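Novice: Supplied in structure tokens, the structure appears directly below.
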Amino acid sequence: MLPSKVVRRKAGRFVPVLLAGLILAACSGQGPQQTSNVNIQGPATGRSDYYLQQAQQSSDDSKTDWQLLAIRALLKEGKYPQAQTQLGQLPQQLSDVQQQELQLLRAQLQIAQQNYSGAQQQLSPVKVAALSSDQQVRYYALQIAAAQNRPSLALLRAYIAQEPLLKGDEHQSNIDATWQALTQLTQDQLNSVVINADENTLQGWLDLLNTWHASSQDPQMLKTAISDWQTRYPQNPAAKTLPTQLSQVKNFSQASTSTIALLLPLNGQAQVFAGAIQKGFNDARNGVLNAAPAQSSTPENATAQPVPEATTDTGTANSVVSPAAASMPPQESVQQQPAAPASQPAASSAQIKVYDTSSQPIAQVMQQAQQDGATLVVGPLLKNHVEEVANSQTPLNVLALNEPEQIQNHPNICYFALSPEDEARDAAHHIYEQGKRQPLLLLPRSSYGDRVGKAFAEEWQQLGGATVLQQRFGGVAELKQGINSGAGIALSGTPLTVQMEQPQSVAVAGLTIPAPQSATPAPAAESSGGSVDAVYIIASQNELQLIKPMIAMRTSSRNSTALYASSRSAQAGAGPDFRLEMEGLQYSDIPLLSGANPGLMQQAAKAFNNDYSLVRLYAMGIDAWTLATQFNQMRQVSGFAIDGNTGKLSADTDCVINRKLAWNQYRQGQVVPVQ
């Protein structure tokens, strides 16, 4: 044992060293290198005012961290100017961790300002491996937002990388969004896909898409195909958690169509239209549709049959469902490639019972159909009857042949109509997809024109377009007076304003992505042509023959304004002179009247004496049968779509059947499909 003096001497030697160490530690704690205990890599759950207060009370490196948290909270709260101000007050010297967080915040602000390319530039230098799990979720969410929902391989990779970081509802949303992005890839994109050898998850998703494409028309076959895919890719996130659309397929059960009640007005003004629908429905049910290419067609000098007065859409509650009051040009002028002959469909064993909705109240008709054992109702046709059925809480499955003014989402009701509004919405998509951004609507001064204009303008703004211009005209007499006086049409419209629902911001993996800002109203054109780059004309054939030259009178030959028309102007009997006069004009119509099936077209034209208004309704009857036999798939499986005779048919979330029409163009005296 050492003497006590020695112990005291040794302890005395250590005291100065210990004191010096403590002094140095205290000094270093006050210096600029102190590590902040504020976690900027984790969640930010506080309010911006709290973080700003903490920043004001801090004088060391934690001040910058509190500022970064405050900026994140300000962005979450939508206080973008304040966030911009705080970004400008950050010090120049930042640690690597702070710099990474700053890049994320700058990208989020760029997205809030709709500068998506700027956001991508901010995200480019981020070192993802150095981010925390919370930051990685935000990073991929920003990548997804910057892609603006445009399907691409890069977008798919962002979803796939984000998936393992999410849980609960956010995880299911990621799976659903991945599937949506995948199904929206164009065929050209799919053909050019090149993936890395280690991208097993992406390969599994692509194979799932191939499985869907191969079997989507047969729910039972698709069920089996999905199960086989899950066996081949057991580790794929979609195999463990199916996209909602495919989960619906797995739970799908076929609706009974053993007894179908067909509800139509068999007397009164609508009788002729009901007859055309009924014939199409029965021909499809009995398997007597002619799918072979036609050997001959309607004579060029054929004239349109008189259209009953009831076909003129006046905007009343029970307007006829056909979008056009007249017909279209003879089919030998449509230079379509004949569709491959479809196999003759077999006759169905379903029992069809027809009920007259013009003879008794619709409630009694529905009750009688239920008592007669109907498992599915097709109809009614008139709008007020459809509204009554929608309000009746009927237990029967119903495929209504019109739409109510206000769509009601019922799990047992779908709506299928040939409405002019439907055609106007399709035209908005077609014109927008052709790169036009300043459309003018030439509309009749009537409630019909009001309805068409409103539908087009609403859809146009939904697509992201600016305010639409409108210009009204009277009728043939007024147009003739204008052309005789040399007035012409100057294409100087006024804004057509519609009240749009305010878009809501969307939360993506904890990030609040703001909704797009409202489009700026388009200025009215002041001179010939002005800023207008597209004109959508709602007119009869006689009116169109006057309108097109009147436009030419006020525009130069170098004017590039594109002209479009609805099927309202397409009539039978339009000869070569008319087709030459319409040079360059595009118009929409149903596929059956656009050469998709010449054999069936010839059969229908003969049956209805070349009255193509009734041919359209005949095609509607055919498609109504197809939709009825796939009712549960249409109602239960999101993404349902088929190629119909009235258009490419798809069902939205309210089970409203939307139609994508065929577009044709007059070119050198012929009618050719728009490519």
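Letters A, B, ... go to the chains of the structure tokens in the order shown; residues in each chain start at 1; ligands are counted from 1 in the same order.
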Quick one: contact table of segment 341-437 of chain A to segment 644-661 of chain A, 9 Å max, nearest atom pair and distance in Å to one decimal per residue, counting only C-alpha atoms, chain and number order, as CSV?
Specialist:
residue,atom,partner,partner_atom,distance
A:Glu403,CA,A:Val656,CA,8.1
A:Ile407,CA,A:Asp654,CA,7.5
A:Gln408,CA,A:Asp654,CA,7.3
A:Asn409,CA,A:Asp654,CA,5.0
A:His410,CA,A:Asp654,CA,7.5
A:Pro411,CA,A:Asp654,CA,8.5
A:Ile413,CA,A:Cys655,CA,7.2
A:Cys414,CA,A:Cys655,CA,4.8
A:Tyr415,CA,A:Val656,CA,4.8
A:Phe416,CA,A:Ile657,CA,5.2
A:Ala417,CA,A:Ile657,CA,7.5
A:Leu418,CA,A:Thr646,CA,8.1
A:Asp422,CA,A:Arg659,CA,7.1
A:Glu423,CA,A:Leu661,CA,7.6
A:Asp426,CA,A:Lys660,CA,5.9
A:Ala427,CA,A:Leu661,CA,8.5
Novice: With N, CA and C atoms retained, export the selected residues as a short mmCIF file (atom, residue, chain, number, x, y, z; two decimals), in the first residue's frame.
Specialist:
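Just written: result.cif:
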data_model
loop_
_atom_site.label_atom_id
_atom_site.label_comp_id
_atom_site.auth_asym_id
_atom_site.auth_seq_id
_atom_site.Cartn_x
_atom_site.Cartn_y
_atom_site.Cartn_z
N GLU A 403 -79.28 9.68 -68.48
CA GLU A 403 -78.65 10.16 -67.26
C GLU A 403 -79.55 11.19 -66.59
N ILE A 407 -76.18 13.08 -61.06
CA ILE A 407 -75.85 11.66 -60.97
C ILE A 407 -75.85 11.22 -59.51
N GLN A 408 -76.54 10.12 -59.25
CA GLN A 408 -76.55 9.52 -57.93
C GLN A 408 -75.81 8.18 -57.99
N ASN A 409 -74.85 8.03 -57.10
CA ASN A 409 -74.05 6.80 -57.10
C ASN A 409 -74.76 5.74 -56.28
N HIS A 410 -75.34 4.76 -56.95
CA HIS A 410 -75.95 3.61 -56.30
C HIS A 410 -75.19 2.36 -56.72
N PRO A 411 -74.97 1.43 -55.80
CA PRO A 411 -74.18 0.23 -56.15
C PRO A 411 -74.86 -0.68 -57.15
N ILE A 413 -76.86 0.64 -59.88
CA ILE A 413 -77.33 1.40 -61.04
C ILE A 413 -76.15 1.89 -61.87
N CYS A 414 -76.23 1.72 -63.19
CA CYS A 414 -75.28 2.30 -64.14
C CYS A 414 -76.07 3.14 -65.14
N TYR A 415 -75.40 4.12 -65.75
CA TYR A 415 -76.07 5.04 -66.66
C TYR A 415 -75.38 5.02 -68.02
N PHE A 416 -76.16 4.78 -69.07
CA PHE A 416 -75.64 4.70 -70.44
C PHE A 416 -76.52 5.57 -71.33
N ALA A 417 -75.94 6.61 -71.90
CA ALA A 417 -76.73 7.54 -72.72
C ALA A 417 -75.93 8.00 -73.93
N LEU A 418 -76.64 8.34 -75.00
CA LEU A 418 -76.02 9.01 -76.15
C LEU A 418 -76.39 10.48 -76.07
N ASP A 422 -72.15 14.36 -73.69
CA ASP A 422 -71.13 13.32 -73.75
C ASP A 422 -70.22 13.53 -74.96
N GLU A 423 -70.83 13.86 -76.09
CA GLU A 423 -70.05 14.09 -77.31
C GLU A 423 -69.18 15.33 -77.18
N ASP A 426 -66.11 14.52 -75.16
CA ASP A 426 -65.14 13.78 -75.97
C ASP A 426 -64.41 14.72 -76.92
N ALA A 427 -65.13 15.70 -77.48
CA ALA A 427 -64.50 16.67 -78.38
C ALA A 427 -63.45 17.50 -77.65
#
Novice: Got a sec to tell me which of segment 382-446 of chain A DSSP assigns to helix (DSSP H, G or I), as a list in words?
Specialist: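 Filtering segment 382-446 of chain A to helix (DSSP H, G or I) leaves Lys383, Asn384, His385, Val386, Glu387, Glu388, Val389, Ala390, Pro420, Glu421, Asp422, Glu423, Ala424, Arg425, Asp426, Ala427, Ala428, His429, His430, Ile431, Tyr432 and Glu433 of chain A.
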Novice: Store the residues of this selection in a file with N, CA and C atoms, as a compact mmCIF listing (two decimals), in the first residue's frame.
Specialist:
# COMPACT_ATOMS: atom_id res chain seq x y z
N LYS A 383 -85.47 10.75 -69.38
CA LYS A 383 -84.67 11.25 -68.26
C LYS A 383 -85.46 11.32 -66.97
N ASN A 384 -86.72 11.77 -67.03
CA ASN A 384 -87.49 11.88 -65.78
C ASN A 384 -87.76 10.50 -65.18
N HIS A 385 -87.92 9.48 -66.04
CA HIS A 385 -88.10 8.12 -65.53
C HIS A 385 -86.82 7.60 -64.87
N VAL A 386 -85.69 7.93 -65.45
CA VAL A 386 -84.41 7.52 -64.86
C VAL A 386 -84.25 8.14 -63.47
N GLU A 387 -84.62 9.40 -63.34
CA GLU A 387 -84.52 10.06 -62.04
C GLU A 387 -85.43 9.40 -61.01
N GLU A 388 -86.63 9.00 -61.44
CA GLU A 388 -87.54 8.30 -60.52
C GLU A 388 -86.95 6.98 -60.06
N VAL A 389 -86.36 6.24 -60.99
CA VAL A 389 -85.77 4.94 -60.64
C VAL A 389 -84.59 5.15 -59.68
N ALA A 390 -83.76 6.17 -59.95
CA ALA A 390 -82.60 6.44 -59.10
C ALA A 390 -83.03 6.80 -57.68
N PRO A 420 -75.67 14.71 -76.13
CA PRO A 420 -74.80 15.71 -76.78
C PRO A 420 -73.71 16.21 -75.84
N GLU A 421 -74.00 16.23 -74.54
CA GLU A 421 -72.97 16.63 -73.58
C GLU A 421 -71.81 15.65 -73.59
N ASP A 422 -72.15 14.36 -73.69
CA ASP A 422 -71.13 13.32 -73.75
C ASP A 422 -70.22 13.53 -74.96
N GLU A 423 -70.83 13.86 -76.09
CA GLU A 423 -70.05 14.09 -77.31
C GLU A 423 -69.18 15.33 -77.18
N ALA A 424 -69.70 16.37 -76.51
CA ALA A 424 -68.92 17.60 -76.32
C ALA A 424 -67.71 17.35 -75.44
N ARG A 425 -67.89 16.54 -74.41
CA ARG A 425 -66.74 16.22 -73.54
C ARG A 425 -65.67 15.45 -74.30
N ASP A 426 -66.11 14.52 -75.16
CA ASP A 426 -65.14 13.78 -75.97
C ASP A 426 -64.41 14.72 -76.92
N ALA A 427 -65.13 15.70 -77.48
CA ALA A 427 -64.50 16.67 -78.38
C ALA A 427 -63.45 17.50 -77.65
N ALA A 428 -63.73 17.87 -76.40
CA ALA A 428 -62.75 18.63 -75.62
C ALA A 428 -61.45 17.84 -75.48
N HIS A 429 -61.57 16.54 -75.20
CA HIS A 429 -60.37 15.70 -75.09
C HIS A 429 -59.63 15.63 -76.42
N HIS A 430 -60.38 15.41 -77.50
CA HIS A 430 -59.76 15.25 -78.82
C HIS A 430 -59.00 16.52 -79.22
N ILE A 431 -59.63 17.66 -79.05
CA ILE A 431 -59.01 18.93 -79.46
C ILE A 431 -57.81 19.24 -78.57
N TYR A 432 -57.91 18.96 -77.27
CA TYR A 432 -56.80 19.20 -76.36
C TYR A 432 -55.62 18.31 -76.71
N GLU A 433 -55.90 17.04 -77.01
CA GLU A 433 -54.84 16.09 -77.35
C GLU A 433 -54.14 16.47 -78.65
Novice: Can you list, as a PyMOL selection string, every protein, DNA or RNA residue that comes within 12 Å of Ala141 of chain A when you count only C-alpha atoms, leaving out same-chain residues fewer than 3 positions away?
Specialist: chain A and resi 104+107-108+111+119-120+123+134-138+144-149+155-163+165-166+170+174+177+506-513
Novice: Keeping N, CA and C atoms, export the residues of the selection given above as a compact mmCIF listing (two decimals), in the first residue's frame.
Specialist:
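Contents of the output file out-v1.txt:
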# COMPACT_ATOMS: atom_id res chain seq x y z
N LEU A 104 -34.71 19.35 -50.34
CA LEU A 104 -36.07 18.83 -50.31
C LEU A 104 -37.08 19.96 -50.16
N ALA A 107 -37.42 21.99 -53.37
CA ALA A 107 -38.18 21.23 -54.36
C ALA A 107 -39.67 21.30 -54.05
N GLN A 108 -40.01 21.20 -52.76
CA GLN A 108 -41.42 21.26 -52.38
C GLN A 108 -42.01 22.63 -52.69
N ILE A 111 -42.71 22.88 -56.42
CA ILE A 111 -43.93 22.18 -56.79
C ILE A 111 -45.15 23.00 -56.41
N ALA A 119 -38.33 21.82 -59.65
CA ALA A 119 -38.32 20.85 -58.55
C ALA A 119 -37.40 19.68 -58.87
N GLN A 120 -37.44 19.21 -60.10
CA GLN A 120 -36.58 18.09 -60.49
C GLN A 120 -35.11 18.48 -60.42
N LEU A 123 -34.02 18.29 -56.83
CA LEU A 123 -33.91 16.92 -56.32
C LEU A 123 -32.72 16.17 -56.91
N ASP A 134 -37.75 8.80 -43.19
CA ASP A 134 -38.77 9.84 -43.34
C ASP A 134 -38.44 10.74 -44.51
N GLN A 135 -37.19 11.12 -44.64
CA GLN A 135 -36.79 11.99 -45.76
C GLN A 135 -36.92 11.26 -47.10
N GLN A 136 -36.61 9.97 -47.11
CA GLN A 136 -36.74 9.22 -48.36
C GLN A 136 -38.18 9.16 -48.83
N VAL A 137 -39.12 9.00 -47.90
CA VAL A 137 -40.53 9.02 -48.26
C VAL A 137 -40.88 10.35 -48.91
N ARG A 138 -40.41 11.43 -48.30
CA ARG A 138 -40.68 12.76 -48.86
C ARG A 138 -40.00 12.95 -50.20
N ILE A 144 -42.55 12.00 -57.45
CA ILE A 144 -43.84 11.64 -58.04
C ILE A 144 -44.64 12.88 -58.39
N ALA A 145 -44.67 13.84 -57.47
CA ALA A 145 -45.42 15.08 -57.73
C ALA A 145 -44.82 15.85 -58.89
N ALA A 146 -43.49 15.87 -58.98
CA ALA A 146 -42.83 16.60 -60.07
C ALA A 146 -43.10 15.97 -61.43
N ALA A 147 -43.45 14.67 -61.43
CA ALA A 147 -43.77 13.98 -62.69
C ALA A 147 -45.15 14.34 -63.20
N GLN A 148 -45.96 15.06 -62.40
CA GLN A 148 -47.29 15.53 -62.78
C GLN A 148 -48.20 14.40 -63.23
N ASN A 149 -48.03 13.25 -62.64
CA ASN A 149 -48.88 12.09 -62.94
C ASN A 149 -48.76 11.63 -64.39
N LEU A 155 -41.33 7.39 -63.20
CA LEU A 155 -42.41 7.47 -62.22
C LEU A 155 -42.64 6.12 -61.56
N LEU A 156 -42.63 5.06 -62.34
CA LEU A 156 -42.80 3.71 -61.79
C LEU A 156 -41.69 3.39 -60.78
N ARG A 157 -40.47 3.75 -61.13
CA ARG A 157 -39.35 3.46 -60.23
C ARG A 157 -39.48 4.23 -58.92
N ALA A 158 -40.00 5.45 -58.98
CA ALA A 158 -40.20 6.23 -57.76
C ALA A 158 -41.25 5.57 -56.87
N TYR A 159 -42.34 5.12 -57.46
CA TYR A 159 -43.37 4.42 -56.67
C TYR A 159 -42.81 3.14 -56.04
N ILE A 160 -42.06 2.39 -56.83
CA ILE A 160 -41.51 1.12 -56.34
C ILE A 160 -40.52 1.36 -55.20
N ALA A 161 -39.70 2.39 -55.32
CA ALA A 161 -38.72 2.69 -54.27
C ALA A 161 -39.42 3.19 -53.00
N GLN A 162 -40.53 3.87 -53.16
CA GLN A 162 -41.25 4.42 -52.00
C GLN A 162 -42.04 3.35 -51.25
N GLU A 163 -42.47 2.32 -51.94
CA GLU A 163 -43.41 1.33 -51.39
C GLU A 163 -42.96 0.72 -50.06
N LEU A 165 -41.33 1.83 -47.70
CA LEU A 165 -41.23 2.83 -46.64
C LEU A 165 -42.59 3.20 -46.07
N LEU A 166 -43.67 2.70 -46.68
CA LEU A 166 -45.03 3.11 -46.31
C LEU A 166 -45.77 2.00 -45.60
N GLU A 170 -51.48 4.50 -46.74
CA GLU A 170 -50.51 5.07 -47.67
C GLU A 170 -49.86 3.97 -48.51
N ASN A 174 -50.08 3.65 -52.56
CA ASN A 174 -48.89 3.52 -53.40
C ASN A 174 -49.07 2.38 -54.39
N ALA A 177 -51.54 3.49 -57.05
CA ALA A 177 -50.96 4.50 -57.94
C ALA A 177 -49.94 3.88 -58.88
N VAL A 506 -53.70 17.62 -52.27
CA VAL A 506 -53.61 16.18 -52.08
C VAL A 506 -52.44 15.87 -51.16
N ALA A 507 -52.67 15.01 -50.18
CA ALA A 507 -51.60 14.58 -49.30
C ALA A 507 -50.94 13.35 -49.88
N VAL A 508 -49.64 13.43 -50.14
CA VAL A 508 -48.89 12.31 -50.69
C VAL A 508 -47.80 11.94 -49.71
N ALA A 509 -47.97 10.80 -49.06
CA ALA A 509 -46.96 10.30 -48.13
C ALA A 509 -46.53 11.37 -47.12
N GLY A 510 -47.52 12.05 -46.54
CA GLY A 510 -47.21 13.05 -45.53
C GLY A 510 -46.95 14.43 -46.09
N LEU A 511 -46.82 14.57 -47.39
CA LEU A 511 -46.61 15.86 -48.02
C LEU A 511 -47.93 16.40 -48.54
N THR A 512 -48.18 17.67 -48.35
CA THR A 512 -49.37 18.30 -48.91
C THR A 512 -49.01 18.93 -50.23
N ILE A 513 -49.48 18.32 -51.32
CA ILE A 513 -49.21 18.84 -52.66
C ILE A 513 -50.38 19.71 -53.06
Novice: For Ser540 of chain A, which residue among A:Asn484, A:Gln636, A:Ala570, A:Ser132 is the nearest when counting only C-alpha atoms?
Specialist: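 Of A:Asn484, A:Gln636, A:Ala570, A:Ser132, the one nearest Ser540 of chain A, counting only C-alpha atoms, is A:Ala570.
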Novice: Between A:Gln470, A:Gln461, A:Gln406, A:Gln180, single out the one closest to Gly449 of chain A, counting only C-alpha atoms.
Specialist: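 Looking at the shortest contact to Gly449 of chain A, the residue is A:Gln470.
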Novice: Rounded to one decimal place, report the atom CA of Asp169 of chain A-atom CA of Leu208 of chain A distance in Å.
Specialist: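 Interatomic distance, atom CA of Asp169 of chain A to atom CA of Leu208 of chain A: 22.0 Å.
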Novice: Pick the closest to Asp589 of chain A from A:Arg568, A:Arg106, A:Arg47, A:Arg232: which is it, counting only C-alpha atoms?
Specialist: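 Between A:Arg568, A:Arg106, A:Arg47, A:Arg232, the residue approaching Asp589 of chain A most closely is A:Arg568.
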Novice: Would you work out the distance separating atom CA of Asp198 of chain A from atom CA of Asn210 of chain A, expressed in Å to one decimal?
Specialist: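 Value for the atom CA of Asp198 of chain A-atom CA of Asn210 of chain A distance: 19.7 Å.
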